[in-house]
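Below is final.txt, holding compact mmCIF, C-alpha atoms.
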```txt
# COMPACT_ATOMS: atom_id res chain seq x y z
CA MET A 21 3.33 3.44 34.21
CA ASP A 22 1.28 6.02 36.19
CA CYS A 23 -2.13 4.65 37.21
CA GLY A 24 -4.07 7.58 35.73
CA VAL A 25 -2.28 7.17 32.43
CA ALA A 26 -2.74 3.40 32.60
CA LYS A 27 -6.48 3.79 33.24
CA PHE A 28 -6.83 6.23 30.35
CA CYS A 29 -4.86 3.90 28.05
CA LEU A 30 -6.99 0.92 29.07
CA LEU A 31 -10.23 2.83 28.51
CA PHE A 32 -8.98 3.98 25.12
CA ILE A 33 -7.91 0.45 24.23
CA SER A 34 -11.30 -0.91 25.37
CA LEU A 35 -13.13 1.58 23.17
CA ILE A 36 -11.04 0.84 20.09
CA PHE A 37 -11.61 -2.90 20.59
CA TRP A 38 -14.89 -2.47 18.70
CA ALA A 39 -13.16 -0.72 15.83
CA ALA A 40 -10.35 -3.27 15.94
CA GLY A 41 -12.86 -6.11 15.91
CA ALA A 42 -14.58 -4.63 12.86
CA GLY A 43 -11.18 -4.14 11.20
CA LEU A 44 -10.12 -7.73 11.84
CA ALA A 45 -13.49 -9.04 10.62
CA TYR A 46 -12.95 -7.14 7.37
CA VAL A 47 -9.40 -8.50 7.03
CA GLY A 48 -10.60 -12.08 7.60
CA HIS A 49 -13.44 -11.63 5.12
CA TYR A 50 -11.06 -10.09 2.59
CA MET A 51 -8.67 -13.04 2.93
CA ILE A 52 -11.44 -15.63 2.53
CA LYS A 53 -12.91 -13.76 -0.43
CA SER A 54 -9.50 -13.37 -2.09
CA PHE A 55 -8.51 -17.00 -1.62
CA GLY A 56 -12.05 -18.20 -2.35
CA SER A 57 -11.96 -16.61 -5.79
CA PHE A 58 -9.36 -19.20 -6.74
CA ASP A 59 -10.48 -22.01 -4.45
CA VAL A 60 -10.66 -24.59 -7.24
CA LEU A 61 -7.12 -23.71 -8.33
CA LEU A 62 -5.51 -24.20 -4.88
CA GLN A 63 -4.79 -27.69 -3.60
CA ASN A 64 -3.71 -26.50 -0.14
CA LYS A 65 -6.98 -25.41 1.53
CA SER A 66 -5.21 -24.87 4.86
CA THR A 67 -4.19 -21.40 3.69
CA LEU A 68 -7.58 -20.26 5.04
CA ILE A 69 -6.65 -21.16 8.65
CA PRO A 70 -5.22 -17.68 9.42
CA ALA A 71 -8.40 -16.05 8.08
CA ALA A 72 -10.60 -18.28 10.26
CA ILE A 73 -8.54 -17.44 13.35
CA ILE A 74 -8.72 -13.71 12.60
CA ILE A 75 -12.52 -13.77 12.22
CA GLY A 76 -12.84 -15.70 15.49
CA ILE A 77 -10.71 -13.08 17.24
CA SER A 78 -12.86 -10.24 15.86
CA VAL A 79 -16.05 -11.75 17.31
CA VAL A 80 -14.50 -12.10 20.78
CA MET A 81 -13.14 -8.54 20.66
CA PHE A 82 -16.62 -6.99 20.45
CA ILE A 83 -17.57 -8.68 23.73
CA VAL A 84 -14.23 -7.96 25.39
CA GLY A 85 -14.54 -4.25 24.60
CA ILE A 86 -17.65 -4.00 26.77
CA VAL A 87 -16.04 -5.94 29.63
CA GLY A 88 -12.92 -3.76 29.43
CA CYS A 89 -14.82 -0.47 29.68
CA CYS A 90 -16.92 -1.57 32.67
CA SER A 91 -13.98 -3.14 34.52
CA THR A 92 -11.71 -0.13 34.00
CA ILE A 93 -14.27 2.44 35.14
CA ASN A 94 -15.10 0.44 38.29
CA GLU A 95 -11.49 -0.76 38.81
CA SER A 96 -12.92 -4.21 39.48
CA LYS A 97 -10.17 -6.71 40.23
CA LEU A 98 -12.30 -9.59 39.03
CA GLY A 99 -13.25 -7.75 35.84
CA LEU A 100 -9.71 -6.57 35.16
CA GLY A 101 -8.38 -10.07 35.78
CA PHE A 102 -10.88 -11.50 33.31
CA PHE A 103 -10.08 -8.70 30.87
CA PHE A 104 -6.35 -9.43 31.17
CA MET A 105 -6.91 -13.15 30.56
CA ILE A 106 -9.02 -12.51 27.46
CA ILE A 107 -6.52 -9.98 26.06
CA PHE A 108 -3.74 -12.49 26.61
CA LEU A 109 -5.70 -15.25 24.84
CA ILE A 110 -6.45 -12.94 21.91
CA PHE A 111 -2.79 -11.91 21.81
CA ALA A 112 -1.79 -15.60 21.70
CA ALA A 113 -4.34 -16.28 18.94
CA GLU A 114 -2.98 -13.38 16.88
CA VAL A 115 0.55 -14.72 17.29
CA THR A 116 -0.75 -18.13 16.13
CA ALA A 117 -2.36 -16.52 13.09
CA LEU A 118 0.95 -14.81 12.31
CA VAL A 119 2.84 -18.10 12.57
CA PHE A 120 0.37 -19.84 10.24
CA SER A 121 0.60 -16.91 7.82
CA PHE A 122 4.39 -17.21 7.71
CA ILE A 123 4.13 -20.98 7.17
CA TYR A 124 1.61 -20.82 4.34
CA ARG A 125 3.24 -17.77 2.81
CA SER A 126 6.32 -19.92 2.14
CA LYS A 127 4.19 -22.83 0.91
CA ILE A 128 2.51 -20.68 -1.74
CA SER A 129 5.81 -20.26 -3.57
CA GLY A 130 6.33 -23.17 -5.92
CA GLY A 131 3.09 -24.87 -4.94
CA LEU A 132 0.83 -23.28 -7.53
CA GLU A 133 2.19 -24.84 -10.72
CA PRO A 134 0.77 -28.38 -10.19
CA SER A 135 -2.65 -26.99 -9.20
CA LEU A 136 -2.80 -24.63 -12.17
CA LYS A 137 -1.71 -27.30 -14.66
CA GLU A 138 -4.35 -29.66 -13.32
CA ALA A 139 -7.00 -26.93 -13.68
CA LEU A 140 -5.92 -26.32 -17.29
CA SER A 141 -6.13 -30.04 -18.06
CA LYS A 142 -9.74 -30.13 -16.75
CA TYR A 143 -10.79 -26.96 -18.56
CA ASP A 144 -13.87 -27.38 -20.76
CA GLY A 145 -15.35 -23.89 -20.56
CA MET A 146 -18.17 -24.85 -18.17
CA ASN A 147 -16.96 -26.71 -15.06
CA PRO A 148 -15.82 -25.03 -11.79
CA GLU A 149 -12.16 -25.29 -12.86
CA SER A 150 -12.99 -23.41 -16.03
CA VAL A 151 -14.70 -20.62 -14.09
CA GLY A 152 -11.66 -20.31 -11.82
CA VAL A 153 -9.20 -20.27 -14.72
CA ASP A 154 -11.21 -17.71 -16.67
CA SER A 155 -11.54 -15.44 -13.61
CA MET A 156 -7.80 -15.65 -13.00
CA GLN A 157 -6.83 -14.96 -16.60
CA GLU A 158 -9.22 -12.02 -16.91
CA LEU A 159 -8.19 -10.50 -13.57
CA PHE A 160 -4.43 -10.78 -14.06
CA LYS A 161 -4.36 -10.32 -17.85
CA CYS A 162 -2.47 -13.57 -18.29
CA CYS A 163 -2.73 -16.86 -20.19
CA GLY A 164 -1.56 -20.31 -19.13
CA VAL A 165 0.75 -21.22 -16.26
CA LYS A 166 4.17 -20.06 -17.42
CA ASN A 167 2.88 -18.55 -20.70
CA TYR A 168 0.14 -19.05 -23.28
CA THR A 169 1.88 -22.10 -24.85
CA ASP A 170 0.83 -24.18 -21.83
CA TRP A 171 -2.59 -24.45 -23.44
CA PHE A 172 -1.19 -26.32 -26.44
CA SER A 173 -0.92 -29.57 -24.46
CA THR A 174 -4.48 -29.42 -23.06
CA THR A 175 -7.56 -31.35 -24.17
CA TYR A 176 -9.42 -28.09 -24.71
CA TYR A 177 -6.88 -26.87 -27.27
CA SER A 178 -6.69 -30.20 -29.09
CA LYS A 179 -10.46 -30.13 -29.58
CA ASN A 180 -10.97 -26.43 -30.35
CA LYS A 181 -7.58 -25.32 -31.72
CA THR A 182 -7.96 -22.15 -29.68
CA VAL A 183 -7.07 -20.95 -26.21
CA PRO A 184 -9.91 -19.73 -23.94
CA HIS A 185 -11.39 -16.35 -24.78
CA SER A 186 -10.25 -15.16 -21.34
CA CYS A 187 -6.73 -15.04 -22.79
CA CYS A 188 -7.72 -12.12 -25.00
CA LYS A 189 -6.33 -8.72 -24.12
CA ASN A 190 -9.78 -7.27 -24.72
CA ILE A 191 -12.32 -9.94 -23.82
CA THR A 192 -15.24 -7.78 -24.99
CA SER A 193 -13.79 -7.37 -28.46
CA ARG A 194 -15.27 -9.52 -31.22
CA GLU A 195 -12.04 -9.20 -33.14
CA CYS A 196 -10.25 -11.56 -30.73
CA THR A 197 -11.08 -15.14 -31.69
CA ALA A 198 -8.46 -16.67 -29.33
CA GLU A 199 -6.83 -18.41 -32.28
CA MET A 200 -3.08 -18.63 -32.77
CA ILE A 201 -3.35 -16.64 -36.00
CA GLN A 202 -3.91 -13.60 -33.75
CA PRO A 203 -1.06 -13.79 -31.21
CA GLY A 204 -0.99 -10.01 -30.86
CA ALA A 205 -4.56 -10.03 -29.49
CA LEU A 206 -3.67 -12.45 -26.68
CA ASN A 207 -2.04 -12.05 -23.29
CA THR A 208 1.13 -14.08 -23.50
CA GLU A 209 2.41 -13.88 -19.91
CA GLY A 210 1.70 -16.79 -17.58
CA CYS A 211 -0.57 -16.60 -14.52
CA GLU A 212 1.52 -18.45 -11.93
CA ALA A 213 3.79 -15.55 -10.99
CA LYS A 214 0.91 -13.04 -10.91
CA LEU A 215 -1.34 -15.27 -8.80
CA GLU A 216 1.51 -15.99 -6.39
CA LYS A 217 2.22 -12.27 -5.96
CA PHE A 218 -1.47 -11.58 -5.35
CA LEU A 219 -1.78 -14.26 -2.66
CA GLN A 220 1.49 -13.17 -1.04
CA ASP A 221 0.27 -9.56 -0.94
CA VAL A 222 -3.01 -10.60 0.70
CA LEU A 223 -1.16 -12.51 3.43
CA THR A 224 1.32 -9.66 3.94
CA TYR A 225 -1.54 -7.14 4.30
CA ALA A 226 -3.25 -9.37 6.87
CA MET A 227 -0.02 -9.91 8.80
CA VAL A 228 0.66 -6.17 9.07
CA VAL A 229 -2.84 -5.53 10.43
CA VAL A 230 -2.58 -8.39 12.95
CA VAL A 231 0.82 -7.14 14.19
CA ALA A 232 -0.62 -3.65 14.71
CA PHE A 233 -3.52 -5.00 16.78
CA ALA A 234 -1.20 -7.33 18.71
CA ILE A 235 0.83 -4.29 19.83
CA ILE A 236 -2.39 -2.69 21.10
CA LYS A 237 -3.13 -5.85 23.10
CA PHE A 238 0.34 -5.75 24.62
CA PHE A 239 -0.16 -2.20 25.92
CA GLY A 240 -3.57 -3.27 27.21
CA MET A 241 -1.99 -6.03 29.31
CA VAL A 242 0.63 -3.59 30.65
CA SER A 243 -2.13 -1.13 31.62
CA VAL A 244 -4.11 -3.81 33.48
CA CYS A 245 -1.00 -4.78 35.42
CA ALA A 246 -0.31 -1.12 36.30
CA ILE A 247 -3.83 -0.51 37.65
CA THR A 248 -3.84 -3.77 39.62
CA CYS A 249 -0.42 -3.11 41.18
CA ARG A 250 -1.45 0.44 42.18
CA SER A 251 -4.53 -0.97 43.96
CA HIS A 252 -2.35 -3.39 45.93
CA ARG A 253 0.14 -0.68 46.94
CA SER A 254 -2.53 1.75 48.09
CA GLY A 255 -4.53 -0.87 49.90
CA TYR A 256 -7.59 0.26 47.94
CA GLU A 257 -10.19 -2.48 47.60
CA PRO A 258 -12.90 -1.66 45.05
CA ILE A 259 -16.42 -2.53 46.25
CA TYR A 260 -17.01 -4.32 42.93
CA ALA A 261 -14.12 -6.78 43.44
```

Would it be possible to restate this file's structure as structure tokens?
Amino acid sequence: MDCGVAKFCLLFISLIFWAAGAGLAYVGHYMIKSFGSFDVLLQNKSTLIPAAIIIGISVVMFIVGIVGCCSTINESKLGLGFFFMIIFLIFAAEVTALVFSFIYRSKISGGLEPSLKEALSKYDGMNPESVGVDSMQELFKCCGVKNYTDWFSTTYYSKNKTVPHSCCKNITSRECTAEMIQPGALNTEGCEAKLEKFLQDVLTYAMVVVVAFAIIKFFGMVSVCAITCRSHRSGYEPIYA
């Protein structure tokens, strides 16, 4: 790679580190917020590990962007060496986040049913599990785990002879009493498949963004190597080294 092109690429990469850091911070926040909405319904809390790694990376990237700009302009060997090391560490962290995302993406499938059934069994309309179940059923327009009949075996149904009002197709309608005499007013599809798709989509979105930024880091490392090698060949020794 030509040194002038490499220097331009590195400056450009350094400048977009701030934007990339902000983008990764948003992705990490979005993941935590998405998973946190159903925190009481998920037994495997380790699914938040990729989000934590991504947020940590975003914080470092703001600092690295400043170091990259100054080191590239001055062609400081020490600065470029430090910049290369930090880019490499961030690159490794992003690869780690990707690996964890792949691992927990596969664990989501088939792992929701026990958690959801436990939440339904604890449902009383007021506790944290109830809030999580109601939010899920309202958001995904669903009822129960596999379908609405899952409620028939719960303590809540045996006491009230109704399913939760969040099962109603129109939760603001007074016509829906959530009783079985009005099956047409209820959502009959289960929530497991819809929740699984939602969580899978969130992880996929995060993985695509991380891969894109990892590619940028790779070109950054190549650019640092190109500038450093050119300095060695020309015998040029920057006064800031």

Go through A:Met156, A:Cys245, A:Cys187, A:Tyr177 one by one, measure the shortest atom-to-atom distance of each to Ser54 of chain A using only C-alpha atoms, and give the residue with the smallest value.
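The closest residue to Ser54 of chain A is A:Met156.
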
Rounded to one decimal in Å, what is the spacing between atom CA of Phe103 of chain A and atom CA of Ile75 of chain A?
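Atom CA of Phe103 of chain A sits 19.5 Å away from atom CA of Ile75 of chain A.
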
So, with only C-alpha atoms as the atoms that count, which of A:Val242, A:Cys196, A:Met146, A:Met51 lies closest to Phe218 of chain A?
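Distance minimum relative to Phe218 of chain A lands on A:Met51.
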
What is the distance between atom CA of Lys237 of chain A and atom CA of Thr224 of chain A, in Å to one decimal?
20.0 Å

Between A:Gln202, A:Ser243, A:Ser78, A:Asn147, which has the minimum distance to Ile33 of chain A (counting all atoms listed in the file)?
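Of the candidates, the smallest distance to Ile33 of chain A is held by A:Ser243.
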
Within 10 Å of Lys214 of chain A, counting only C-alpha atoms, which residues qualify if same-chain residues fewer than 4 places away don't, as a ChimeraX atom specification?
/A:156-157,159-162,165,209-210,218-220

Given all atoms listed in the file as the basis, pick out the residue of A:Ala112, A:Leu215, A:Leu118, A:Ala234 nearest to Phe55 of chain A.
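Of all the options, A:Leu215 lies closest to Phe55 of chain A.
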
In the coordinates of the file, take the point (-7.0, -1.1, 22.6) and a cut-off of 8 Å; then, counting all atoms listed in the file, name each qualifying protein, DNA or RNA residue as a CSV table (one decimal) with C-alpha atoms, in the coordinates of the input.
```
chain,number,residue,atom,x,y,z
A,29,CYS,CA,-4.9,3.9,28.0
A,30,LEU,CA,-7.0,0.9,29.1
A,31,LEU,CA,-10.2,2.8,28.5
A,32,PHE,CA,-9.0,4.0,25.1
A,33,ILE,CA,-7.9,0.4,24.2
A,34,SER,CA,-11.3,-0.9,25.4
A,35,LEU,CA,-13.1,1.6,23.2
A,36,ILE,CA,-11.0,0.8,20.1
A,37,PHE,CA,-11.6,-2.9,20.6
A,40,ALA,CA,-10.4,-3.3,15.9
A,233,PHE,CA,-3.5,-5.0,16.8
A,236,ILE,CA,-2.4,-2.7,21.1
A,237,LYS,CA,-3.1,-5.8,23.1
A,239,PHE,CA,-0.2,-2.2,25.9
A,240,GLY,CA,-3.6,-3.3,27.2
```

Atomic distance atom CA of Ser155 of chain A - atom CA of Tyr176 of chain A, expressed in Å with one decimal:
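Atom-to-atom, atom CA of Ser155 of chain A to atom CA of Tyr176 of chain A, that is 17.0 Å.
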
Name all residues at most 10 Å from Lys137 of chain A (count all atoms listed in the file; drop same-chain ones fewer than 2 positions away) and give them as a ChimeraX atom specification.
/A:61,132-135,139-143,164-166,170-171,174,212

Closest of A:Glu216, A:Asp154, A:Ala113, A:Val84 to Ile128 of chain A - atom-to-atom distances counting only C-alpha atoms:
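For Ile128 of chain A, the nearest of the given residues is A:Glu216.
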
Between A:Val222, A:Ala205, A:Ile77, A:Cys163, single out the one closest to Leu109 of chain A, counting all atoms listed in the file.
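For Leu109 of chain A, the nearest of the candidates is A:Ile77.
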
Could you list, as an mmCIF file with C-alpha atoms, in the frame of the given file, every residue within 10 Å of Ala226 of chain A, counting all atoms listed in the file and ignoring same-chain residues fewer than 2 positions away?
```cif
data_model
loop_
_atom_site.group_PDB
_atom_site.id
_atom_site.type_symbol
_atom_site.label_atom_id
_atom_site.label_comp_id
_atom_site.auth_asym_id
_atom_site.auth_seq_id
_atom_site.Cartn_x
_atom_site.Cartn_y
_atom_site.Cartn_z
ATOM 1 C CA LEU A 44 -10.120 -7.730 11.840
ATOM 2 C CA TYR A 46 -12.950 -7.140 7.370
ATOM 3 C CA VAL A 47 -9.400 -8.500 7.030
ATOM 4 C CA GLY A 48 -10.600 -12.080 7.600
ATOM 5 C CA TYR A 50 -11.060 -10.090 2.590
ATOM 6 C CA MET A 51 -8.670 -13.040 2.930
ATOM 7 C CA PRO A 70 -5.220 -17.680 9.420
ATOM 8 C CA ALA A 71 -8.400 -16.050 8.080
ATOM 9 C CA ILE A 74 -8.720 -13.710 12.600
ATOM 10 C CA ALA A 117 -2.360 -16.520 13.090
ATOM 11 C CA LEU A 118 0.950 -14.810 12.310
ATOM 12 C CA SER A 121 0.600 -16.910 7.820
ATOM 13 C CA GLN A 220 1.490 -13.170 -1.040
ATOM 14 C CA ASP A 221 0.270 -9.560 -0.940
ATOM 15 C CA VAL A 222 -3.010 -10.600 0.700
ATOM 16 C CA LEU A 223 -1.160 -12.510 3.430
ATOM 17 C CA THR A 224 1.320 -9.660 3.940
ATOM 18 C CA VAL A 228 0.660 -6.170 9.070
ATOM 19 C CA VAL A 229 -2.840 -5.530 10.430
ATOM 20 C CA VAL A 230 -2.580 -8.390 12.950
ATOM 21 C CA VAL A 231 0.820 -7.140 14.190
#
```

For Asn180 of chain A, please output as a list in words all residues within 12 Å (counting all atoms listed in the file; exclusion window: fewer than 5 positions along the same chain).
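The contact residues come out as Tyr143, Asp144, Gly145, Trp171, Phe172, Thr174, Thr175, His185, Thr197, Ala198, Glu199 and Met200 of chain A.
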